[in-house]
Every structure is written in structure tokens, then in C-alpha cells.
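Asks: Structure file upload_15.cif (mmCIF, C-alpha atoms) right here:
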data_input
#
loop_
_atom_site.group_PDB
_atom_site.id
_atom_site.type_symbol
_atom_site.label_atom_id
_atom_site.label_comp_id
_atom_site.auth_asym_id
_atom_site.auth_seq_id
_atom_site.Cartn_x
_atom_site.Cartn_y
_atom_site.Cartn_z
ATOM 1 C CA MET A 729 -19.239 25.743 -2.120
ATOM 2 C CA SER A 730 -17.373 26.590 1.060
ATOM 3 C CA GLY A 731 -14.481 24.217 0.392
ATOM 4 C CA LEU A 732 -13.587 20.614 0.984
ATOM 5 C CA HIS A 733 -13.691 18.698 4.222
ATOM 6 C CA LEU A 734 -10.391 16.767 4.379
ATOM 7 C CA THR A 735 -9.875 13.797 6.673
ATOM 8 C CA VAL A 736 -6.623 11.810 6.805
ATOM 9 C CA THR A 737 -6.632 8.792 9.116
ATOM 10 C CA THR A 738 -4.281 5.969 10.072
ATOM 11 C CA PRO A 739 -5.283 2.840 11.979
ATOM 12 C CA MET A 740 -4.200 4.553 15.190
ATOM 13 C CA SER A 741 -5.126 8.236 14.795
ATOM 14 C CA VAL A 742 -6.775 11.030 12.875
ATOM 15 C CA LEU A 743 -3.962 13.096 11.354
ATOM 16 C CA VAL A 744 -6.074 15.737 9.630
ATOM 17 C CA ASP A 745 -9.692 16.787 10.092
ATOM 18 C CA GLU A 746 -9.970 20.141 8.372
ATOM 19 C CA THR A 747 -12.819 22.017 6.725
ATOM 20 C CA GLY A 748 -12.612 24.829 4.212
ATOM 21 C CA VAL A 749 -9.819 23.255 2.143
ATOM 22 C CA LEU A 750 -9.582 25.168 -1.135
ATOM 23 C CA SER A 751 -7.654 22.584 -3.162
ATOM 24 C CA LEU A 752 -5.854 19.287 -2.777
ATOM 25 C CA ARG A 753 -3.061 17.665 -4.769
ATOM 26 C CA ALA A 754 -2.184 13.962 -4.598
ATOM 27 C CA GLU A 755 -0.755 11.267 -6.822
ATOM 28 C CA ASP A 756 -1.672 7.733 -7.714
ATOM 29 C CA ARG A 757 -0.070 5.218 -10.084
ATOM 30 C CA SER A 758 -1.225 7.224 -13.111
ATOM 31 C CA GLY A 759 0.420 10.433 -11.857
ATOM 32 C CA GLY A 760 -0.467 13.614 -10.003
ATOM 33 C CA PHE A 761 -4.001 15.010 -9.857
ATOM 34 C CA GLY A 762 -5.897 17.810 -8.169
ATOM 35 C CA ILE A 763 -9.234 18.001 -6.399
ATOM 36 C CA LEU A 764 -11.351 21.134 -6.071
ATOM 37 C CA PRO A 765 -14.756 21.646 -4.408
ATOM 38 C CA GLY A 766 -17.482 20.101 -6.558
ATOM 39 C CA HIS A 767 -15.266 17.226 -7.763
ATOM 40 C CA THR A 768 -17.125 14.148 -8.962
ATOM 41 C CA GLU A 769 -17.293 10.947 -6.907
ATOM 42 C CA PHE A 770 -13.836 9.417 -6.998
ATOM 43 C CA MET A 771 -11.775 6.621 -5.469
ATOM 44 C CA THR A 772 -8.121 5.763 -6.012
ATOM 45 C CA VAL A 773 -5.221 3.953 -4.378
ATOM 46 C CA LEU A 774 -2.331 6.174 -3.292
ATOM 47 C CA PRO A 775 1.248 4.892 -3.220
ATOM 48 C CA ALA A 776 3.802 6.356 -0.814
ATOM 49 C CA SER A 777 3.599 10.048 -1.734
ATOM 50 C CA VAL A 778 3.179 13.596 -0.451
ATOM 51 C CA LEU A 779 -0.312 15.046 -0.129
ATOM 52 C CA ARG A 780 -0.586 18.843 -0.510
ATOM 53 C CA TRP A 781 -3.545 21.079 0.281
ATOM 54 C CA ARG A 782 -4.339 24.759 0.579
ATOM 55 C CA THR A 783 -6.306 25.863 3.629
ATOM 56 C CA ALA A 784 -9.049 28.506 3.713
ATOM 57 C CA ARG A 785 -6.447 30.991 4.984
ATOM 58 C CA GLY A 786 -4.223 30.273 1.993
ATOM 59 C CA ALA A 787 -1.583 28.263 3.889
ATOM 60 C CA LEU A 788 -0.034 25.301 2.098
ATOM 61 C CA ARG A 789 0.068 22.099 4.192
ATOM 62 C CA PHE A 790 1.781 18.758 3.536
ATOM 63 C CA CYS A 791 1.457 15.143 4.665
ATOM 64 C CA ALA A 792 3.719 12.245 3.672
ATOM 65 C CA LEU A 793 1.593 9.113 3.215
ATOM 66 C CA ARG A 794 2.487 5.469 3.163
ATOM 67 C CA SER A 795 0.070 3.919 0.680
ATOM 68 C CA GLY A 796 -3.603 4.558 1.234
ATOM 69 C CA LEU A 797 -7.046 4.960 -0.256
ATOM 70 C CA LEU A 798 -8.513 8.334 -1.266
ATOM 71 C CA THR A 799 -12.248 8.871 -1.756
ATOM 72 C CA VAL A 800 -14.239 11.947 -2.761
ATOM 73 C CA GLU A 801 -17.930 12.014 -1.843
ATOM 74 C CA ASN A 802 -20.591 14.591 -2.695
ATOM 75 C CA GLY A 803 -17.963 16.900 -4.186
ATOM 76 C CA SER A 804 -17.048 18.170 -0.735
ATOM 77 C CA ALA A 805 -15.709 15.346 1.444
ATOM 78 C CA VAL A 806 -12.234 13.944 0.832
ATOM 79 C CA ALA A 807 -11.259 11.003 3.031
ATOM 80 C CA ILE A 808 -7.861 9.353 3.001
ATOM 81 C CA ALA A 809 -7.177 6.164 4.934
ATOM 82 C CA CYS A 810 -3.473 5.327 5.012
ATOM 83 C CA ARG A 811 -1.134 2.958 6.805
ATOM 84 C CA GLU A 812 1.099 5.721 8.083
ATOM 85 C CA GLY A 813 1.292 9.487 7.699
ATOM 86 C CA VAL A 814 3.644 12.273 8.730
ATOM 87 C CA LEU A 815 2.551 15.914 8.815
ATOM 88 C CA GLY A 816 5.122 18.584 8.083
ATOM 89 C CA ASP A 817 5.844 22.066 6.777
ATOM 90 C CA ASP A 818 9.070 21.258 4.916
ATOM 91 C CA LEU A 819 8.234 19.748 1.529
ATOM 92 C CA HIS A 820 11.798 18.586 0.829
ATOM 93 C CA ALA A 821 12.043 16.734 4.159
ATOM 94 C CA LEU A 822 8.710 15.020 3.510
ATOM 95 C CA GLU A 823 9.776 14.022 -0.001
ATOM 96 C CA ALA A 824 12.875 12.412 1.524
ATOM 97 C CA GLU A 825 10.590 10.604 3.982
ATOM 98 C CA VAL A 826 8.483 9.358 1.061
ATOM 99 C CA GLU A 827 11.578 8.021 -0.694
ATOM 100 C CA THR A 828 12.431 6.098 2.474
ATOM 101 C CA LEU A 829 8.877 4.715 2.623
ATOM 102 C CA ARG A 830 8.988 3.723 -1.054
ATOM 103 C CA ALA A 831 12.311 1.938 -0.538
ATOM 104 C CA ALA A 832 10.856 0.067 2.457
ATOM 105 C CA GLU A 833 7.793 -0.949 0.420
ATOM 106 C CA ALA A 834 10.000 -2.137 -2.469
ATOM 107 C CA ASP A 835 12.097 -4.182 -0.045
ATOM 108 C CA ALA A 836 8.969 -5.731 1.478
ATOM 109 C CA ASP A 837 7.679 -6.555 -2.033
ATOM 110 C CA ARG A 838 10.981 -8.295 -2.856
ATOM 111 C CA ARG A 839 10.831 -10.353 0.347
ATOM 112 C CA GLU A 840 7.233 -11.337 -0.411
ATOM 113 C CA ARG A 841 8.161 -12.453 -3.938
ATOM 114 C CA VAL A 842 11.045 -14.571 -2.609
ATOM 115 C CA GLU A 843 8.755 -16.217 -0.057
ATOM 116 C CA GLN A 844 6.107 -16.807 -2.739
ATOM 117 C CA MET A 845 8.685 -18.459 -5.009
ATOM 118 C CA ARG A 846 9.913 -20.633 -2.110
ATOM 119 C CA LEU A 847 6.366 -21.796 -1.344
ATOM 120 C CA HIS A 848 5.690 -22.452 -5.041
ATOM 121 C CA ALA A 849 8.851 -24.559 -5.367
ATOM 122 C CA SER A 850 7.904 -26.518 -2.246
ATOM 123 C CA ALA A 851 4.423 -27.197 -3.651
ATOM 124 C CA VAL A 852 5.903 -28.403 -6.959
ATOM 125 C CA ARG A 853 8.274 -30.754 -5.079
ATOM 126 C CA GLN A 854 5.343 -32.159 -3.104
ATOM 127 C CA LEU A 855 3.330 -32.702 -6.290
ATOM 128 C CA MET A 856 6.256 -34.465 -7.959
ATOM 129 C CA GLN A 857 6.692 -36.753 -4.955
ATOM 130 C CA TYR A 858 2.975 -37.538 -4.962
ATOM 131 C CA LEU A 859 2.931 -38.245 -8.716
ATOM 132 C CA ARG A 860 6.114 -40.366 -8.593
ATOM 133 C CA PRO A 861 5.958 -42.243 -5.286
ATOM 134 C CA GLY A 862 8.872 -44.617 -6.079
ATOM 135 C CA ARG A 863 11.477 -41.872 -6.242
ATOM 136 C CA PRO A 864 13.245 -40.669 -3.096
ATOM 137 C CA ALA A 865 12.119 -37.288 -1.781
ATOM 138 C CA ALA A 866 14.300 -34.244 -2.206
ATOM 139 C CA PRO A 867 15.957 -33.215 1.091
ATOM 140 C CA SER A 868 14.070 -29.905 1.337
ATOM 141 C CA ALA A 869 10.731 -31.638 0.703
ATOM 142 C CA ALA A 870 11.164 -34.233 3.486
ATOM 143 C CA PRO A 871 9.207 -32.320 6.155
ATOM 144 C CA PHE A 872 6.286 -32.053 3.747
ATOM 145 C CA ALA A 873 6.405 -35.664 2.491
ATOM 146 C CA GLN A 874 3.030 -37.281 1.911
ATOM 147 C CA ARG A 875 2.013 -40.897 1.702
ATOM 148 C CA PRO A 876 1.974 -42.399 -1.767
ATOM 149 C CA PRO A 877 -1.526 -43.145 -3.073
ATOM 150 C CA GLY A 878 -2.738 -46.412 -1.572
ATOM 151 C CA GLY A 879 0.492 -46.840 0.361
ATOM 152 C CA GLU A 880 1.217 -46.997 4.022
ATOM 153 C CA ALA A 881 3.089 -44.487 6.092
ATOM 154 C CA PRO A 882 6.888 -44.978 5.970
#
Please express what this file holds, its structure, as C-alpha cells.
Replies:
Amino acid sequence: MSGLHLTVTTPMSVLVDETGVLSLRAEDRSGGFGILPGHTEFMTVLPASVLRWRTARGALRFCALRSGLLTVENGSAVAIACREGVLGDDLHALEAEVETLRAAEADADRRERVEQMRLHASAVRQLMQYLRPGRPAAPSAAPFAQRPPGGEAP
């Protein structure tokens, strides 16, 4: 084997398209793992993390990723599709960038959970109003008020 062909893409650009990669190191939710030429078919989801690989010349390269999908095909092609990526030579700076990305993802997850809980509570209020049409609607449910079964519009 002459090495791996590594491709790292974002929706807007191709960050890396390199042949002759000797080894690759990444991490998923289960922890860090390595890929060498001849690796079996593989697919995994990558969280915000730093990708490391060794080129044919022996240089160590790095890329900070914001969640993506890694696939290995035919033991020689590694493709990574990610939301965002930053190439760099300074591992410590990229690790700091990853921490920032992880914090942003955690904040987005919290906002999504709050919105999901708000929508769930609104749906429960609407169901309660539908099941008990004689009771007055809660103030926050008023915009979503429905007609009682068999009743006329207010």
C-alpha cells in the first residue's frame, strides 16, 4: 500500500485532499482511534475534535473539526465531511479552538432543549384545553386555542 488518500470537506470548501498519508488519528464518542493503510471499511460520527495525520514526508498535520462524519473505504480512502474545519500547525491552539467549538455546541444543545420543552408544554396546554372545553384557556395558550369539539368559534 502506498498510503491513505485523505479528504476533509466542509459545505463550502475542500480543506484537505492529500495522498500518501501514512497514518491518521481521530476521536469519536468512544475515544481516540487510529487508521493505517489497509484499514477495514469503517464509518463513525466525529464530535468537535482535532484530527492528526502523518504525511508521506513524515510531517505531522492537524485540523480542528466541528462535528463530522468519517468513512474509510477500500482500506485506502478516508473521507471526512464536517460542518467546519480549521487547519493549523500548532496543536495547542487547535485544541483551544476545539474547546470553543465544544462549548458552542453545548450551548446550542441547551437552547434546543429549552425550545423543545417550551413546545412540549404548549402542546400539553392545547391538549388540556381540547379535552376540557369548559375551562378558561391559560394565558400562554390563547394564541393556540382551538374550538371545542362540536362547538362554534368564540
Asks: Taking 5 positions as the minimum chain separation for residues in the same chain, which residues sit within 12 Å of Leu788 (chain A) when counting all atoms listed in the file? Answer as a PyMOL selection string.
Replies: chain A and resi 749-753+779-783+815-819
Asks: Need to verify the contact set: region 820-822 of chain A, 7 Å, all atoms listed in the file, exclusion of same-chain residues closer than 3 positions in sequence. Can you return it as a list in words?
Replies: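 Near region 820-822 of chain A, the qualifying residues are Val778, Ala792, Gly816, Glu825 and Val826 of chain A.
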Asks: Only C-alpha atoms, please: the residues just picked out, written as a PDB file, in the frame of the given file.
Replies:
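Saved to out.pdb:
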ATOM      1  CA  VAL A 778       3.179  13.596  -0.451  1.00  0.00           C
ATOM      2  CA  ALA A 792       3.719  12.245   3.672  1.00  0.00           C
ATOM      3  CA  GLY A 816       5.122  18.584   8.083  1.00  0.00           C
ATOM      4  CA  GLU A 825      10.590  10.604   3.982  1.00  0.00           C
ATOM      5  CA  VAL A 826       8.483   9.358   1.061  1.00  0.00           C
TER       6      VAL A 826
END
Asks: Do you have the CA of Ala832 (chain A)-CA of Gly813 (chain A) distance handy?
Replies: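 Computed distance, CA of Ala832 (chain A) to CA of Gly813 (chain A), equals 14.4 Å.
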Asks: If you measure from CA of Arg794 (chain A) to CA of Gly760 (chain A), what distance in Å do you get, rounded to one decimal?
Replies: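 Between CA of Arg794 (chain A) and CA of Gly760 (chain A) the gap is 15.8 Å.
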Asks: What is the CA of Met845 (chain A)-CA of Leu859 (chain A) distance in Å, reported with one decimal?
Replies: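 Calculated distance between CA of Met845 (chain A) and CA of Leu859 (chain A) is 20.9 Å.
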Asks: Pick out the closest residue to His767 (chain A) from this set: A:Ala809, A:Leu732, A:Val742, A:Ala754. Count all atoms listed in the file.
Replies: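 Using all atoms listed in the file, His767 (chain A) sits closest to A:Leu732.
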Asks: Can you list what the PyMOL selection byres ((chain A and resi 745) around 9) grabs from this structure, as a ChimeraX atom specification?
Replies: /A:733-737,742-744,746-747
Asks: Between A:Leu774, A:Val806, A:Leu855, A:Val842, which one has atoms that come closest to Leu793 (chain A), using all atoms listed in the file?
Replies: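 Distance minimum relative to Leu793 (chain A) lands on A:Leu774.
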Asks: In file coordinates, which residues lie within 7 Å of (-23.1, 17.6, -8.7) using all atoms listed in the file, given as a list in words?
Replies: Gly766, Thr768 and Gly803 of chain A
Asks: Using all atoms of region 826-840 of chain A that appear in the file, construct an axis-aligned enclosing box with 4 Å of padding on every side and provide its centre coordinates and edge lengths in Å, rounded to one decimal, as lines of an AutoDock Vina configuration file.
Replies:
center_x = 9.8
center_y = -1.0
center_z = -0.1
size_x = 13.2
size_y = 28.7
size_z = 13.5
Asks: Write out as a ChimeraX atom specification the residues lying within 7 Å of Thr772 (chain A), counting all atoms listed in the file and excluding same-chain residues fewer than 3 positions away.
Replies: /A:756,797-799
Asks: With all atoms listed in the file as the atoms that count, which of A:Cys791, A:Ala849, A:Val800, A:Leu829 lies nearest to Phe770 (chain A)?
Replies: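 That would be A:Val800, the residue with the smallest distance to Phe770 (chain A).
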Asks: Please fill the gaps in region 823-834 of chain A so it has all heavy atoms, and write that as an mmCIF file, in the frame of the given file.
Replies:
data_model
loop_
_atom_site.group_PDB
_atom_site.id
_atom_site.type_symbol
_atom_site.label_atom_id
_atom_site.label_comp_id
_atom_site.auth_asym_id
_atom_site.auth_seq_id
_atom_site.Cartn_x
_atom_site.Cartn_y
_atom_site.Cartn_z
ATOM 1 N N GLU A 823 9.465 14.797 1.201
ATOM 2 C CA GLU A 823 9.776 14.022 -0.001
ATOM 3 C C GLU A 823 10.874 13.001 0.287
ATOM 4 O O GLU A 823 10.837 11.883 -0.220
ATOM 5 C CB GLU A 823 10.159 14.951 -1.147
ATOM 6 C CG GLU A 823 8.957 15.671 -1.736
ATOM 7 C CD GLU A 823 9.316 16.675 -2.816
ATOM 8 O OE1 GLU A 823 10.481 17.125 -2.872
ATOM 9 O OE2 GLU A 823 8.423 17.025 -3.595
ATOM 10 N N ALA A 824 11.842 13.370 1.120
ATOM 11 C CA ALA A 824 12.875 12.412 1.524
ATOM 12 C C ALA A 824 12.251 11.277 2.341
ATOM 13 O O ALA A 824 12.623 10.108 2.173
ATOM 14 C CB ALA A 824 13.962 13.116 2.330
ATOM 15 N N GLU A 825 11.304 11.615 3.195
ATOM 16 C CA GLU A 825 10.590 10.604 3.982
ATOM 17 C C GLU A 825 9.832 9.651 3.062
ATOM 18 O O GLU A 825 9.821 8.435 3.269
ATOM 19 C CB GLU A 825 9.622 11.283 4.947
ATOM 20 C CG GLU A 825 8.767 10.348 5.761
ATOM 21 C CD GLU A 825 9.513 9.639 6.867
ATOM 22 O OE1 GLU A 825 10.583 10.126 7.277
ATOM 23 O OE2 GLU A 825 9.033 8.592 7.312
ATOM 24 N N VAL A 826 9.213 10.187 2.028
ATOM 25 C CA VAL A 826 8.483 9.358 1.061
ATOM 26 C C VAL A 826 9.437 8.418 0.336
ATOM 27 O O VAL A 826 9.113 7.250 0.114
ATOM 28 C CB VAL A 826 7.694 10.244 0.066
ATOM 29 C CG1 VAL A 826 7.222 9.442 -1.123
ATOM 30 C CG2 VAL A 826 6.516 10.885 0.777
ATOM 31 N N GLU A 827 10.598 8.895 -0.028
ATOM 32 C CA GLU A 827 11.578 8.021 -0.694
ATOM 33 C C GLU A 827 11.973 6.865 0.222
ATOM 34 O O GLU A 827 12.128 5.733 -0.234
ATOM 35 C CB GLU A 827 12.807 8.816 -1.131
ATOM 36 C CG GLU A 827 12.543 9.715 -2.319
ATOM 37 C CD GLU A 827 11.969 8.977 -3.525
ATOM 38 O OE1 GLU A 827 12.453 7.876 -3.863
ATOM 39 O OE2 GLU A 827 11.013 9.496 -4.122
ATOM 40 N N THR A 828 12.124 7.147 1.508
ATOM 41 C CA THR A 828 12.431 6.098 2.474
ATOM 42 C C THR A 828 11.278 5.101 2.546
ATOM 43 O O THR A 828 11.500 3.887 2.570
ATOM 44 C CB THR A 828 12.686 6.711 3.868
ATOM 45 O OG1 THR A 828 13.750 7.649 3.763
ATOM 46 C CG2 THR A 828 13.035 5.650 4.891
ATOM 47 N N LEU A 829 10.042 5.599 2.581
ATOM 48 C CA LEU A 829 8.877 4.715 2.623
ATOM 49 C C LEU A 829 8.773 3.866 1.364
ATOM 50 O O LEU A 829 8.459 2.677 1.417
ATOM 51 C CB LEU A 829 7.596 5.534 2.818
ATOM 52 C CG LEU A 829 7.425 6.232 4.161
ATOM 53 C CD1 LEU A 829 6.201 7.136 4.131
ATOM 54 C CD2 LEU A 829 7.321 5.229 5.288
ATOM 55 N N ARG A 830 9.037 4.482 0.207
ATOM 56 C CA ARG A 830 8.988 3.723 -1.054
ATOM 57 C C ARG A 830 10.053 2.632 -1.080
ATOM 58 O O ARG A 830 9.794 1.514 -1.542
ATOM 59 C CB ARG A 830 9.167 4.662 -2.242
ATOM 60 C CG ARG A 830 7.949 5.472 -2.556
ATOM 61 C CD ARG A 830 8.137 6.344 -3.767
ATOM 62 N NE ARG A 830 6.926 7.110 -4.023
ATOM 63 C CZ ARG A 830 6.869 8.158 -4.812
ATOM 64 N NH1 ARG A 830 7.949 8.575 -5.435
ATOM 65 N NH2 ARG A 830 5.730 8.795 -4.992
ATOM 66 N N ALA A 831 11.248 2.940 -0.583
ATOM 67 C CA ALA A 831 12.311 1.938 -0.538
ATOM 68 C C ALA A 831 11.916 0.791 0.395
ATOM 69 O O ALA A 831 12.150 -0.385 0.077
ATOM 70 C CB ALA A 831 13.620 2.577 -0.085
ATOM 71 N N ALA A 832 11.298 1.107 1.529
ATOM 72 C CA ALA A 832 10.856 0.067 2.457
ATOM 73 C C ALA A 832 9.772 -0.801 1.826
ATOM 74 O O ALA A 832 9.776 -2.032 1.987
ATOM 75 C CB ALA A 832 10.341 0.700 3.748
ATOM 76 N N GLU A 833 8.842 -0.181 1.088
ATOM 77 C CA GLU A 833 7.793 -0.949 0.420
ATOM 78 C C GLU A 833 8.379 -1.848 -0.675
ATOM 79 O O GLU A 833 7.958 -2.993 -0.831
ATOM 80 C CB GLU A 833 6.741 -0.021 -0.171
ATOM 81 C CG GLU A 833 5.808 0.564 0.853
ATOM 82 C CD GLU A 833 4.730 1.444 0.244
ATOM 83 O OE1 GLU A 833 4.650 1.560 -0.993
ATOM 84 O OE2 GLU A 833 3.950 2.027 1.021
ATOM 85 N N ALA A 834 9.358 -1.337 -1.418
ATOM 86 C CA ALA A 834 10.000 -2.137 -2.469
ATOM 87 C C ALA A 834 10.735 -3.323 -1.854
ATOM 88 O O ALA A 834 10.681 -4.448 -2.379
ATOM 89 C CB ALA A 834 10.956 -1.273 -3.283
#
